[in-house]
Structure formats: structure tokens, C-alpha cells
file target37.tsv (TSV, C-alpha atoms and all ligand atoms)
chain	number	residue	atom	x	y	z
A	10	MET	CA	0.00	0.00	0.00
A	11	ASN	CA	1.20	3.50	-0.73
A	12	ASP	CA	1.10	6.03	2.09
A	13	ARG	CA	1.75	9.71	1.75
A	14	VAL	CA	3.08	11.45	4.82
A	15	THR	CA	4.21	15.00	5.32
A	16	GLY	CA	7.22	15.53	7.52
A	17	ILE	CA	10.35	17.48	8.27
A	18	VAL	CA	13.77	15.88	7.80
A	19	ILE	CA	15.58	16.01	11.15
A	20	ARG	CA	18.53	13.68	10.51
A	21	GLU	CA	20.38	11.92	7.74
A	22	THR	CA	22.61	8.90	8.25
A	23	GLU	CA	24.76	7.60	5.43
A	24	VAL	CA	24.61	3.87	4.89
A	25	LYS	CA	26.29	1.55	2.46
A	26	GLU	CA	27.30	2.80	-0.96
A	27	SER	CA	25.04	5.69	-1.87
A	28	ASP	CA	22.05	4.93	0.35
A	29	ALA	CA	20.88	6.88	3.39
A	30	ILE	CA	18.46	6.57	6.26
A	31	ILE	CA	16.62	9.79	6.91
A	32	THR	CA	14.65	10.51	10.05
A	33	VAL	CA	11.50	12.45	9.41
A	34	TYR	CA	9.27	14.10	12.00
A	35	THR	CA	5.68	13.62	10.83
A	36	ALA	CA	2.34	14.85	12.06
A	37	ASP	CA	0.70	11.42	11.86
A	38	HIS	CA	3.37	8.96	12.93
A	39	GLY	CA	5.84	11.00	14.98
A	40	GLN	CA	9.44	10.19	14.06
A	41	LEU	CA	9.88	7.83	11.12
A	42	SER	CA	13.09	6.35	9.77
A	43	LEU	CA	13.05	6.02	6.00
A	44	TYR	CA	15.47	3.97	3.96
A	45	ALA	CA	16.31	5.96	0.83
A	46	ARG	CA	18.07	3.99	-1.88
A	47	GLY	CA	20.59	5.89	-3.94
A	48	LEU	CA	19.86	9.13	-2.12
A	49	ARG	CA	23.48	10.27	-2.27
A	50	LYS	CA	23.87	9.67	-5.99
A	51	VAL	CA	24.05	12.87	-8.01
A	52	THR	CA	21.23	11.52	-10.15
A	53	SER	CA	18.88	10.95	-7.19
A	54	ARG	CA	15.48	12.47	-7.88
A	55	ASN	CA	14.64	12.47	-4.17
A	56	ALA	CA	17.75	14.21	-2.86
A	57	TYR	CA	16.32	17.69	-3.22
A	58	ALA	CA	13.38	16.86	-0.93
A	59	CYS	CA	15.38	14.92	1.67
A	60	GLN	CA	17.86	17.49	2.96
A	61	LEU	CA	18.01	18.45	6.61
A	62	PHE	CA	15.09	20.77	7.56
A	63	ASP	CA	13.20	20.13	4.31
A	64	CYS	CA	9.45	19.85	4.72
A	65	SER	CA	8.38	17.28	2.15
A	66	GLU	CA	5.74	14.78	1.21
A	67	PHE	CA	7.04	11.23	1.31
A	68	LEU	CA	5.57	8.25	-0.49
A	69	LEU	CA	6.25	4.98	1.32
A	70	ASP	CA	4.88	1.61	2.27
A	71	TYR	CA	4.06	2.19	5.91
A	72	ASN	CA	4.59	-0.97	7.89
A	73	PRO	CA	4.01	-0.38	11.61
A	74	GLY	CA	5.92	-3.58	12.41
A	75	LYS	CA	9.16	-2.27	10.96
A	76	ASP	CA	11.66	0.19	12.44
A	77	VAL	CA	12.71	1.52	9.04
A	78	GLN	CA	10.25	2.18	6.25
A	79	LEU	CA	11.20	2.04	2.58
A	80	LEU	CA	11.00	5.41	0.87
A	81	LYS	CA	9.60	5.35	-2.66
A	82	SER	CA	9.70	9.02	-3.55
A	83	ALA	CA	9.75	12.48	-1.99
A	84	VAL	CA	8.41	15.83	-3.12
A	85	LEU	CA	9.61	19.06	-1.55
A	86	LYS	CA	6.82	21.18	-0.04
A	87	ARG	CA	8.83	23.84	1.71
A	88	GLU	CA	12.49	24.55	2.30
A	89	TYR	CA	13.75	26.93	4.95
A	90	MET	CA	16.17	29.05	2.96
A	91	GLY	CA	16.49	31.64	5.72
A	92	ILE	CA	17.77	28.94	8.09
A	93	ARG	CA	20.22	27.52	5.54
A	94	ALA	CA	21.63	30.92	4.70
A	95	ASP	CA	22.38	32.16	8.22
A	96	TYR	CA	24.82	30.52	10.63
A	97	ASP	CA	23.00	31.59	13.84
A	98	ARG	CA	19.62	30.43	12.58
A	99	LEU	CA	21.07	27.14	11.38
A	100	ALA	CA	22.72	26.58	14.77
A	101	LEU	CA	19.48	27.38	16.64
A	102	ALA	CA	17.42	25.14	14.34
A	103	SER	CA	19.89	22.32	15.02
A	104	VAL	CA	19.33	22.73	18.78
A	105	VAL	CA	15.54	22.68	18.24
A	106	ILE	CA	15.88	19.38	16.39
A	107	GLU	CA	18.21	17.90	19.00
A	108	ILE	CA	15.74	18.81	21.77
A	109	ILE	CA	12.68	17.54	19.96
A	110	SER	CA	14.29	14.26	18.91
A	111	GLN	CA	15.18	13.46	22.54
A	112	LEU	CA	11.65	13.85	23.86
A	113	PRO	CA	9.44	10.81	24.33
A	114	ASP	CA	6.44	12.91	23.24
A	115	ASP	CA	6.07	12.23	19.52
A	116	SER	CA	3.22	14.68	18.88
A	117	LEU	CA	5.15	17.93	18.54
A	118	TYR	CA	5.04	18.32	14.77
A	119	ASP	CA	3.07	21.57	14.85
A	120	LEU	CA	5.46	23.07	17.39
A	121	LEU	CA	8.45	22.02	15.30
A	122	GLU	CA	6.97	23.47	12.12
A	123	THR	CA	5.98	26.77	13.76
A	124	THR	CA	9.42	27.14	15.36
A	125	LEU	CA	11.25	26.51	12.08
A	126	GLU	CA	8.97	28.98	10.30
A	127	LYS	CA	9.82	31.66	12.84
A	128	LEU	CA	13.54	30.83	12.76
A	129	ASP	CA	13.36	31.04	8.98
A	130	GLN	CA	11.40	34.24	8.60
A	131	ASP	CA	11.29	36.24	11.79
A	132	ALA	CA	13.70	39.07	12.46
A	133	GLU	CA	14.23	37.88	16.05
A	134	ALA	CA	15.74	34.40	15.91
A	135	PHE	CA	16.64	34.26	19.62
A	136	THR	CA	13.12	35.30	20.62
A	137	ALA	CA	11.67	32.49	18.52
A	138	PHE	CA	14.13	29.99	19.95
A	139	SER	CA	13.47	31.09	23.55
A	140	VAL	CA	9.71	30.74	23.08
A	141	PHE	CA	10.29	27.21	21.81
A	142	VAL	CA	12.37	26.29	24.89
A	143	VAL	CA	9.76	27.85	27.20
A	144	LEU	CA	7.07	25.67	25.59
A	145	ILE	CA	9.24	22.57	25.99
A	146	LEU	CA	9.85	23.40	29.68
A	147	ASN	CA	6.10	23.71	30.03
A	148	ILE	CA	5.44	20.35	28.34
A	149	LEU	CA	7.98	18.70	30.64
A	150	GLY	CA	6.44	20.39	33.71
A	151	ILE	CA	9.70	22.06	34.71
A	152	SER	CA	8.93	25.73	34.02
A	153	PRO	CA	10.83	28.21	36.19
A	154	VAL	CA	8.98	29.95	39.01
A	155	VAL	CA	8.81	33.60	37.91
A	156	ASP	CA	5.89	35.03	39.91
A	157	GLU	CA	7.54	34.85	43.32
A	158	CYS	CA	10.67	33.75	45.11
A	159	VAL	CA	10.94	29.99	44.62
A	160	LEU	CA	12.22	29.55	48.19
A	161	CYS	CA	9.92	31.72	50.32
A	162	GLY	CA	7.08	32.87	48.03
A	163	ASN	CA	7.93	36.54	48.45
A	164	THR	CA	6.80	38.61	45.44
A	165	LYS	CA	8.86	41.67	46.41
A	166	GLY	CA	12.59	42.23	46.19
A	167	ILE	CA	13.32	39.63	43.52
A	168	GLU	CA	17.06	39.76	43.04
A	169	THR	CA	18.32	36.86	40.96
A	170	ILE	CA	17.56	33.49	39.36
A	171	SER	CA	18.65	30.16	40.75
A	172	ILE	CA	18.70	27.43	38.12
A	173	ALA	CA	19.28	24.74	40.73
A	174	ASP	CA	16.35	25.91	42.91
A	175	GLY	CA	14.09	26.46	39.92
A	176	GLY	CA	13.36	30.17	39.59
A	177	PHE	CA	13.39	33.63	41.10
A	178	ILE	CA	15.21	34.28	44.36
A	179	CYS	CA	14.43	37.28	46.59
A	180	HIS	CA	16.95	39.55	48.32
A	181	GLU	CA	16.38	37.92	51.73
A	182	CYS	CA	16.85	34.36	50.47
A	183	ASN	CA	19.87	35.36	48.41
A	184	LYS	CA	21.66	36.13	51.69
A	185	SER	CA	22.00	32.36	52.03
A	186	VAL	CA	22.05	31.38	48.34
A	187	HIS	CA	24.80	33.89	47.43
A	188	LEU	CA	24.08	34.31	43.72
A	189	ARG	CA	25.10	37.34	41.73
A	190	PRO	CA	22.21	39.86	41.65
A	191	LEU	CA	20.79	40.31	38.15
A	192	ASP	CA	19.72	43.43	36.36
A	193	VAL	CA	16.05	44.31	36.99
A	194	ASP	CA	15.42	44.60	33.27
A	195	PHE	CA	16.85	41.13	32.64
A	196	LEU	CA	14.63	39.67	35.41
A	197	ARG	CA	11.61	41.38	33.83
A	198	LYS	CA	12.46	39.95	30.40
A	199	PHE	CA	12.99	36.47	31.87
A	200	ARG	CA	9.50	36.66	33.39
A	201	ILE	CA	7.91	37.83	30.12
A	202	ILE	CA	9.57	35.14	27.98
A	203	ASN	CA	8.47	32.44	30.42
A	204	LYS	CA	4.84	33.43	29.88
A	205	ALA	CA	5.19	33.59	26.09
A	206	SER	CA	3.76	31.32	23.42
A	207	PHE	CA	3.52	31.44	19.64
A	208	GLU	CA	-0.15	32.52	19.95
A	209	VAL	CA	0.94	35.85	21.41
A	210	TYR	CA	4.20	35.94	19.50
A	211	ASP	CA	3.49	39.07	17.46
A	212	ARG	CA	3.05	41.07	20.66
A	213	LEU	CA	6.55	40.10	21.81
A	214	ALA	CA	8.29	41.75	18.87
A	215	SER	CA	10.62	44.61	19.76
A	216	SER	CA	10.33	43.89	23.51
A	217	GLY	CA	14.07	43.39	23.84
A	218	LEU	CA	13.66	39.61	24.13
A	219	ASN	CA	15.92	38.83	21.18
A	220	ASP	CA	18.73	38.16	23.57
A	221	TYR	CA	21.29	35.35	23.55
A	222	GLN	CA	21.57	35.51	27.37
A	223	LEU	CA	17.87	34.72	27.80
A	224	SER	CA	18.12	31.75	25.43
A	225	ALA	CA	21.29	30.53	27.16
A	226	LEU	CA	19.68	30.65	30.61
A	227	LEU	CA	16.61	28.78	29.38
A	228	VAL	CA	18.80	26.10	27.77
A	229	GLU	CA	20.75	25.72	31.01
A	230	PHE	CA	17.46	25.42	32.87
A	231	LEU	CA	16.25	22.74	30.44
A	232	CYS	CA	19.46	20.71	30.65
A	233	THR	CA	19.62	20.92	34.46
A	234	HIS	CA	16.04	19.86	35.09
A	235	SER	CA	15.49	17.37	32.25
A	236	GLY	CA	18.93	15.73	32.27
A	237	MET	CA	19.19	16.44	28.53
A	238	ARG	CA	22.61	17.08	27.01
A	239	LEU	CA	22.69	19.33	23.98
A	240	ARG	CA	25.83	18.98	21.90
A	241	SER	CA	24.48	21.33	19.25
A	242	TRP	CA	24.25	24.24	21.72
A	243	ARG	CA	28.04	24.61	21.56
A	244	ALA	CA	27.77	25.90	18.00
A	245	VAL	CA	25.43	28.67	19.19
A	246	GLU	CA	27.81	29.60	22.01
A	247	GLY	CA	30.71	29.57	19.57
A	248	ALA	CA	28.91	31.91	17.19
A	249	VAL	CA	28.13	34.44	19.91
A	250	LYS	CA	31.53	34.50	21.60
B	1	ZN	ZN	12.78	34.38	49.13
call {"tool": "encode", "arguments": {"input": "target37.tsv", "output": "C-alpha cells"}}
result
Amino acid sequence: MNDRVTGIVIRETEVKESDAIITVYTADHGQLSLYARGLRKVTSRNAYACQLFDCSEFLLDYNPGKDVQLLKSAVLKREYMGIRADYDRLALASVVIEIISQLPDDSLYDLLETTLEKLDQDAEAFTAFSVFVVLILNILGISPVVDECVLCGNTKGIETISIADGGFICHECNKSVHLRPLDVDFLRKFRIINKASFEVYDRLASSGLNDYQLSALLVEFLCTHSGMRLRSWRAVEGAVK
């Protein structure tokens, strides 16, 4: 039987001779591994639709009993040229894919597609990336506490953020935690980004959220509380420093 599935290519692994196994994130089946014969030949008709980050329609024989499905053909639906052409965007998109491919939840196609669209088109790549991480923290149930001090519940005198404790720390509690006080404006931005979503995304534009430091703190938060390791984040750090 022929099945048509739409998905985004999130990984390519070279196998013998000119073949490849591509991993595709689909709306209907989550992550699928597709065996693509001759994909790396210059004459391959499917190669154009099977590159990393391509959103394509794949024709295959779907066999739920098999780990790898055989790809028959692929047609490109959308390519993210803005991501390919810009080192920062490419690095951030790679982190998005690394995060999403590590999650047991296989139903995040819409989130992946929306995030890549924003990373591709939007002027504020770090804002888009931070919103993505905030939504992942939310899905995992490990969002930072940003409405009060995580230790005592005080809403006044917020002074810093403790990643280990899970959120805002007030002046009184920081006398025993001993973290460097953070700029009030940065604390305000950290609170705003943690309440953000792509539904209200347009209202976030030009709010000063397009900030590497915000993204970096959110990534550190994610890694600390989920146990995830993100090798691809190093490329983002390298680009900024
Ligand atoms: Zn406190």
C-alpha cells in the first residue's frame, strides 16, 4: 500500500554505498526512519526533498511492524532558505531538532513546524528559539517559578535566578544562596519570555527579548532539570563569543 506522509527531515545517516536513512518528524506517525536507496547519488530524484530541515511529502509503504520504512519518492513542499543561509539560525534550528528528537512525546510536529517557520522568517531568531524552549519546559512540567521567590514565596525584592532551585530568588533568600544579583530589566524579560507562546508571539516583537543571554539561561534550565545534554548548543555559544 502507498502512504503519503508530510514531515520534516531532522537527521540523515549515510549507509552503504550511496544509500541513506533519513529521520522524518511527521504529524501522523511522529518520528519515522526512511530507507532511501541511492539518495546520495548525483542523479537521485529524491535528494532535493530529503535534505536536513526540508518539509516534504514522502511516499512509502508504511509498515508499523518495521523500524525503518522504505521510501519510494519524496516531493519538496517547503524549504527553509532563511535557516540555511544564516549561521545563527542554522545553529538554533539544530538545537531545536536535538531537543525535539530526545523527547518521548512524539506529537510535537506543529510546534516544530511553527518554530522553524519563525527561525526562517522572523527578524528575532533568539526570541523564537526562547519561546520554543519555554514551551518545551512547560510540556515537561519544569517551568521556572517567575511570579515569586521559589524559596519563600515573596513577590517583592526579587534579586536573581537560581537554576538549581528552579526560579526567582528574593533579596532575603539570596543572603543564604549567594548568587550574583541580576539586572532588573533582565529579570523582567525572563519573566515575560516564560509566559510567552507562539499565539501571542506578534506582541513580543521589539520587547528586547531577542537576547542570547535569555536563550542561554533557558537552555541551562532545560538541561539541568530534564537531564538532557545538547551537543548542538556549543555551535550557538561559539557563534556568539
Ligand atoms: Zn525568598
call {"tool": "residues_near_ligand", "arguments": {"input": "target37.tsv", "ligand": "ligand ZN 1 (chain B)", "cutoff": "7 Å", "atoms": "only C-alpha atoms and all ligand atoms", "output": "ChimeraX atom specification"}}
result
/A:158-163,178-182
call {"tool": "atom_distance", "arguments": {"input": "target37.tsv", "atom1": "atom CA of A:Ser206", "atom2": "atom CA of A:Asp129"}}
result
17.3 Å
call {"tool": "atom_distance", "arguments": {"input": "target37.tsv", "atom1": "atom CA of A:Thr233", "atom2": "atom CA of A:Ala36"}}
result
28.9 Å
call {"tool": "atom_distance", "arguments": {"input": "target37.tsv", "atom1": "atom CA of A:Leu231", "atom2": "atom CA of A:His187"}}
result
22.0 Å
call {"tool": "residues_around", "arguments": {"input": "target37.tsv", "residues": "stretch 243-247 of chain A", "least_positions_apart": "3", "cutoff": "7 Å", "atoms": "all atoms listed in the file", "output": "PDB file with C-alpha atoms, in the frame of the given file"}}
result
ATOM      1  CA  ASP A  97      23.000  31.590  13.840  1.00  0.00           C
ATOM      2  CA  ALA A 100      22.720  26.580  14.770  1.00  0.00           C
ATOM      3  CA  LEU A 101      19.480  27.380  16.640  1.00  0.00           C
ATOM      4  CA  ARG A 240      25.830  18.980  21.900  1.00  0.00           C
ATOM      5  CA  LYS A 250      31.530  34.500  21.600  1.00  0.00           C
TER       6      LYS A 250
END
call {"tool": "closest_residue", "arguments": {"input": "target37.tsv", "among": "A:Glu208, A:Gln130, A:His234, A:Asp156", "to": "A:Leu196", "atoms": "only C-alpha atoms"}}
result
A:Asp156
call {"tool": "closest_residue", "arguments": {"input": "target37.tsv", "among": "A:Glu107, A:Glu133, A:Asp76, A:Glu168", "to": "A:Leu239", "atoms": "all atoms listed in the file"}}
result
A:Glu107
call {"tool": "residues_near_point", "arguments": {"input": "target37.tsv", "point": "(21.8, 6.5, -3.3)", "cutoff": "10 Å", "atoms": "all atoms listed in the file", "output": "NGL selection string"}}
result
:A and (23-29 or 44-56)
call {"tool": "write_last_selection", "arguments": {"input": "target37.tsv", "atoms": "C-alpha atoms", "output": "PDB file, in the frame of the given file"}}
result
ATOM      1  CA  GLU A  23      24.760   7.600   5.430  1.00  0.00           C
ATOM      2  CA  VAL A  24      24.610   3.870   4.890  1.00  0.00           C
ATOM      3  CA  LYS A  25      26.290   1.550   2.460  1.00  0.00           C
ATOM      4  CA  GLU A  26      27.300   2.800  -0.960  1.00  0.00           C
ATOM      5  CA  SER A  27      25.040   5.690  -1.870  1.00  0.00           C
ATOM      6  CA  ASP A  28      22.050   4.930   0.350  1.00  0.00           C
ATOM      7  CA  ALA A  29      20.880   6.880   3.390  1.00  0.00           C
ATOM      8  CA  TYR A  44      15.470   3.970   3.960  1.00  0.00           C
ATOM      9  CA  ALA A  45      16.310   5.960   0.830  1.00  0.00           C
ATOM     10  CA  ARG A  46      18.070   3.990  -1.880  1.00  0.00           C
ATOM     11  CA  GLY A  47      20.590   5.890  -3.940  1.00  0.00           C
ATOM     12  CA  LEU A  48      19.860   9.130  -2.120  1.00  0.00           C
ATOM     13  CA  ARG A  49      23.480  10.270  -2.270  1.00  0.00           C
ATOM     14  CA  LYS A  50      23.870   9.670  -5.990  1.00  0.00           C
ATOM     15  CA  VAL A  51      24.050  12.870  -8.010  1.00  0.00           C
ATOM     16  CA  THR A  52      21.230  11.520 -10.150  1.00  0.00           C
ATOM     17  CA  SER A  53      18.880  10.950  -7.190  1.00  0.00           C
ATOM     18  CA  ARG A  54      15.480  12.470  -7.880  1.00  0.00           C
ATOM     19  CA  ASN A  55      14.640  12.470  -4.170  1.00  0.00           C
ATOM     20  CA  ALA A  56      17.750  14.210  -2.860  1.00  0.00           C
TER      21      ALA A  56
END
call {"tool": "residues_around", "arguments": {"input": "target37.tsv", "residues": "A:Thr169", "least_positions_apart": "5", "cutoff": "7 Å", "atoms": "only C-alpha atoms", "output": "PyMOL selection string"}}
result
chain A and resi 177-179+188-191
call {"tool": "build_atoms", "arguments": {"input": "target37.tsv", "residues": "stretch 136-168 of chain A", "atoms": "N, CA and C atoms", "output": "PDB file, in the coordinates of the input"}}
result
ATOM      1  N   THR A 136      14.456  35.272  20.013  1.00  0.00           N
ATOM      2  CA  THR A 136      13.120  35.300  20.620  1.00  0.00           C
ATOM      3  C   THR A 136      12.352  34.032  20.261  1.00  0.00           C
ATOM      4  N   ALA A 137      12.381  33.691  18.975  1.00  0.00           N
ATOM      5  CA  ALA A 137      11.670  32.490  18.520  1.00  0.00           C
ATOM      6  C   ALA A 137      12.198  31.247  19.216  1.00  0.00           C
ATOM      7  N   PHE A 138      13.523  31.154  19.314  1.00  0.00           N
ATOM      8  CA  PHE A 138      14.130  29.990  19.950  1.00  0.00           C
ATOM      9  C   PHE A 138      13.756  29.928  21.440  1.00  0.00           C
ATOM     10  N   SER A 139      13.805  31.075  22.117  1.00  0.00           N
ATOM     11  CA  SER A 139      13.470  31.090  23.550  1.00  0.00           C
ATOM     12  C   SER A 139      12.026  30.668  23.787  1.00  0.00           C
ATOM     13  N   VAL A 140      11.114  31.135  22.928  1.00  0.00           N
ATOM     14  CA  VAL A 140       9.710  30.740  23.080  1.00  0.00           C
ATOM     15  C   VAL A 140       9.589  29.218  22.936  1.00  0.00           C
ATOM     16  N   PHE A 141      10.302  28.661  21.981  1.00  0.00           N
ATOM     17  CA  PHE A 141      10.290  27.210  21.810  1.00  0.00           C
ATOM     18  C   PHE A 141      10.739  26.510  23.094  1.00  0.00           C
ATOM     19  N   VAL A 142      11.863  26.959  23.682  1.00  0.00           N
ATOM     20  CA  VAL A 142      12.370  26.290  24.890  1.00  0.00           C
ATOM     21  C   VAL A 142      11.388  26.440  26.048  1.00  0.00           C
ATOM     22  N   VAL A 143      10.771  27.625  26.156  1.00  0.00           N
ATOM     23  CA  VAL A 143       9.760  27.850  27.200  1.00  0.00           C
ATOM     24  C   VAL A 143       8.611  26.842  27.053  1.00  0.00           C
ATOM     25  N   LEU A 144       8.177  26.615  25.817  1.00  0.00           N
ATOM     26  CA  LEU A 144       7.070  25.670  25.590  1.00  0.00           C
ATOM     27  C   LEU A 144       7.493  24.236  25.924  1.00  0.00           C
ATOM     28  N   ILE A 145       8.743  23.902  25.640  1.00  0.00           N
ATOM     29  CA  ILE A 145       9.240  22.570  25.990  1.00  0.00           C
ATOM     30  C   ILE A 145       9.320  22.412  27.519  1.00  0.00           C
ATOM     31  N   LEU A 146       9.797  23.440  28.207  1.00  0.00           N
ATOM     32  CA  LEU A 146       9.850  23.400  29.680  1.00  0.00           C
ATOM     33  C   LEU A 146       8.445  23.170  30.239  1.00  0.00           C
ATOM     34  N   ASN A 147       7.489  23.842  29.616  1.00  0.00           N
ATOM     35  CA  ASN A 147       6.100  23.710  30.030  1.00  0.00           C
ATOM     36  C   ASN A 147       5.576  22.284  29.813  1.00  0.00           C
ATOM     37  N   ILE A 148       5.863  21.732  28.653  1.00  0.00           N
ATOM     38  CA  ILE A 148       5.440  20.350  28.340  1.00  0.00           C
ATOM     39  C   ILE A 148       6.041  19.371  29.343  1.00  0.00           C
ATOM     40  N   LEU A 149       7.290  19.612  29.710  1.00  0.00           N
ATOM     41  CA  LEU A 149       7.980  18.700  30.640  1.00  0.00           C
ATOM     42  C   LEU A 149       7.601  18.971  32.100  1.00  0.00           C
ATOM     43  N   GLY A 150       6.850  20.074  32.339  1.00  0.00           N
ATOM     44  CA  GLY A 150       6.440  20.390  33.710  1.00  0.00           C
ATOM     45  C   GLY A 150       7.582  20.909  34.577  1.00  0.00           C
ATOM     46  N   ILE A 151       8.553  21.552  33.934  1.00  0.00           N
ATOM     47  CA  ILE A 151       9.700  22.060  34.710  1.00  0.00           C
ATOM     48  C   ILE A 151       9.909  23.554  34.459  1.00  0.00           C
ATOM     49  N   SER A 152       8.811  24.286  34.257  1.00  0.00           N
ATOM     50  CA  SER A 152       8.930  25.730  34.020  1.00  0.00           C
ATOM     51  C   SER A 152       9.507  26.421  35.251  1.00  0.00           C
ATOM     52  N   PRO A 153      10.314  27.453  35.052  1.00  0.00           N
ATOM     53  CA  PRO A 153      10.830  28.210  36.190  1.00  0.00           C
ATOM     54  C   PRO A 153       9.717  28.961  36.929  1.00  0.00           C
ATOM     55  N   VAL A 154       9.911  29.132  38.212  1.00  0.00           N
ATOM     56  CA  VAL A 154       8.980  29.950  39.010  1.00  0.00           C
ATOM     57  C   VAL A 154       9.378  31.419  38.813  1.00  0.00           C
ATOM     58  N   VAL A 155       8.470  32.209  38.203  1.00  0.00           N
ATOM     59  CA  VAL A 155       8.810  33.600  37.910  1.00  0.00           C
ATOM     60  C   VAL A 155       7.781  34.594  38.475  1.00  0.00           C
ATOM     61  N   ASP A 156       6.861  34.119  39.308  1.00  0.00           N
ATOM     62  CA  ASP A 156       5.890  35.030  39.910  1.00  0.00           C
ATOM     63  C   ASP A 156       6.220  35.357  41.361  1.00  0.00           C
ATOM     64  N   GLU A 157       7.164  34.649  41.914  1.00  0.00           N
ATOM     65  CA  GLU A 157       7.540  34.850  43.320  1.00  0.00           C
ATOM     66  C   GLU A 157       8.900  34.190  43.565  1.00  0.00           C
ATOM     67  N   CYS A 158       9.426  34.431  44.731  1.00  0.00           N
ATOM     68  CA  CYS A 158      10.670  33.750  45.110  1.00  0.00           C
ATOM     69  C   CYS A 158      10.376  32.253  45.267  1.00  0.00           C
ATOM     70  N   VAL A 159      11.181  31.437  44.615  1.00  0.00           N
ATOM     71  CA  VAL A 159      10.940  29.990  44.620  1.00  0.00           C
ATOM     72  C   VAL A 159      11.160  29.389  46.011  1.00  0.00           C
ATOM     73  N   LEU A 160      11.918  30.098  46.865  1.00  0.00           N
ATOM     74  CA  LEU A 160      12.220  29.550  48.190  1.00  0.00           C
ATOM     75  C   LEU A 160      11.215  29.977  49.257  1.00  0.00           C
ATOM     76  N   CYS A 161      10.784  31.249  49.221  1.00  0.00           N
ATOM     77  CA  CYS A 161       9.920  31.720  50.320  1.00  0.00           C
ATOM     78  C   CYS A 161       8.578  32.259  49.847  1.00  0.00           C
ATOM     79  N   GLY A 162       8.380  32.397  48.525  1.00  0.00           N
ATOM     80  CA  GLY A 162       7.080  32.870  48.030  1.00  0.00           C
ATOM     81  C   GLY A 162       6.938  34.384  48.027  1.00  0.00           C
ATOM     82  N   ASN A 163       7.969  35.083  48.437  1.00  0.00           N
ATOM     83  CA  ASN A 163       7.930  36.540  48.450  1.00  0.00           C
ATOM     84  C   ASN A 163       7.825  37.074  47.014  1.00  0.00           C
ATOM     85  N   THR A 164       6.919  38.043  46.789  1.00  0.00           N
ATOM     86  CA  THR A 164       6.800  38.610  45.440  1.00  0.00           C
ATOM     87  C   THR A 164       7.598  39.900  45.307  1.00  0.00           C
ATOM     88  N   LYS A 165       8.087  40.414  46.441  1.00  0.00           N
ATOM     89  CA  LYS A 165       8.860  41.670  46.410  1.00  0.00           C
ATOM     90  C   LYS A 165      10.363  41.389  46.517  1.00  0.00           C
ATOM     91  N   GLY A 166      11.137  42.315  46.020  1.00  0.00           N
ATOM     92  CA  GLY A 166      12.590  42.230  46.190  1.00  0.00           C
ATOM     93  C   GLY A 166      13.246  41.078  45.453  1.00  0.00           C
ATOM     94  N   ILE A 167      12.683  40.700  44.313  1.00  0.00           N
ATOM     95  CA  ILE A 167      13.320  39.630  43.520  1.00  0.00           C
ATOM     96  C   ILE A 167      14.681  40.122  43.048  1.00  0.00           C
ATOM     97  N   GLU A 168      15.700  39.285  43.254  1.00  0.00           N
ATOM     98  CA  GLU A 168      17.060  39.760  43.040  1.00  0.00           C
ATOM     99  C   GLU A 168      17.851  38.963  41.999  1.00  0.00           C
TER     100      GLU A 168
END
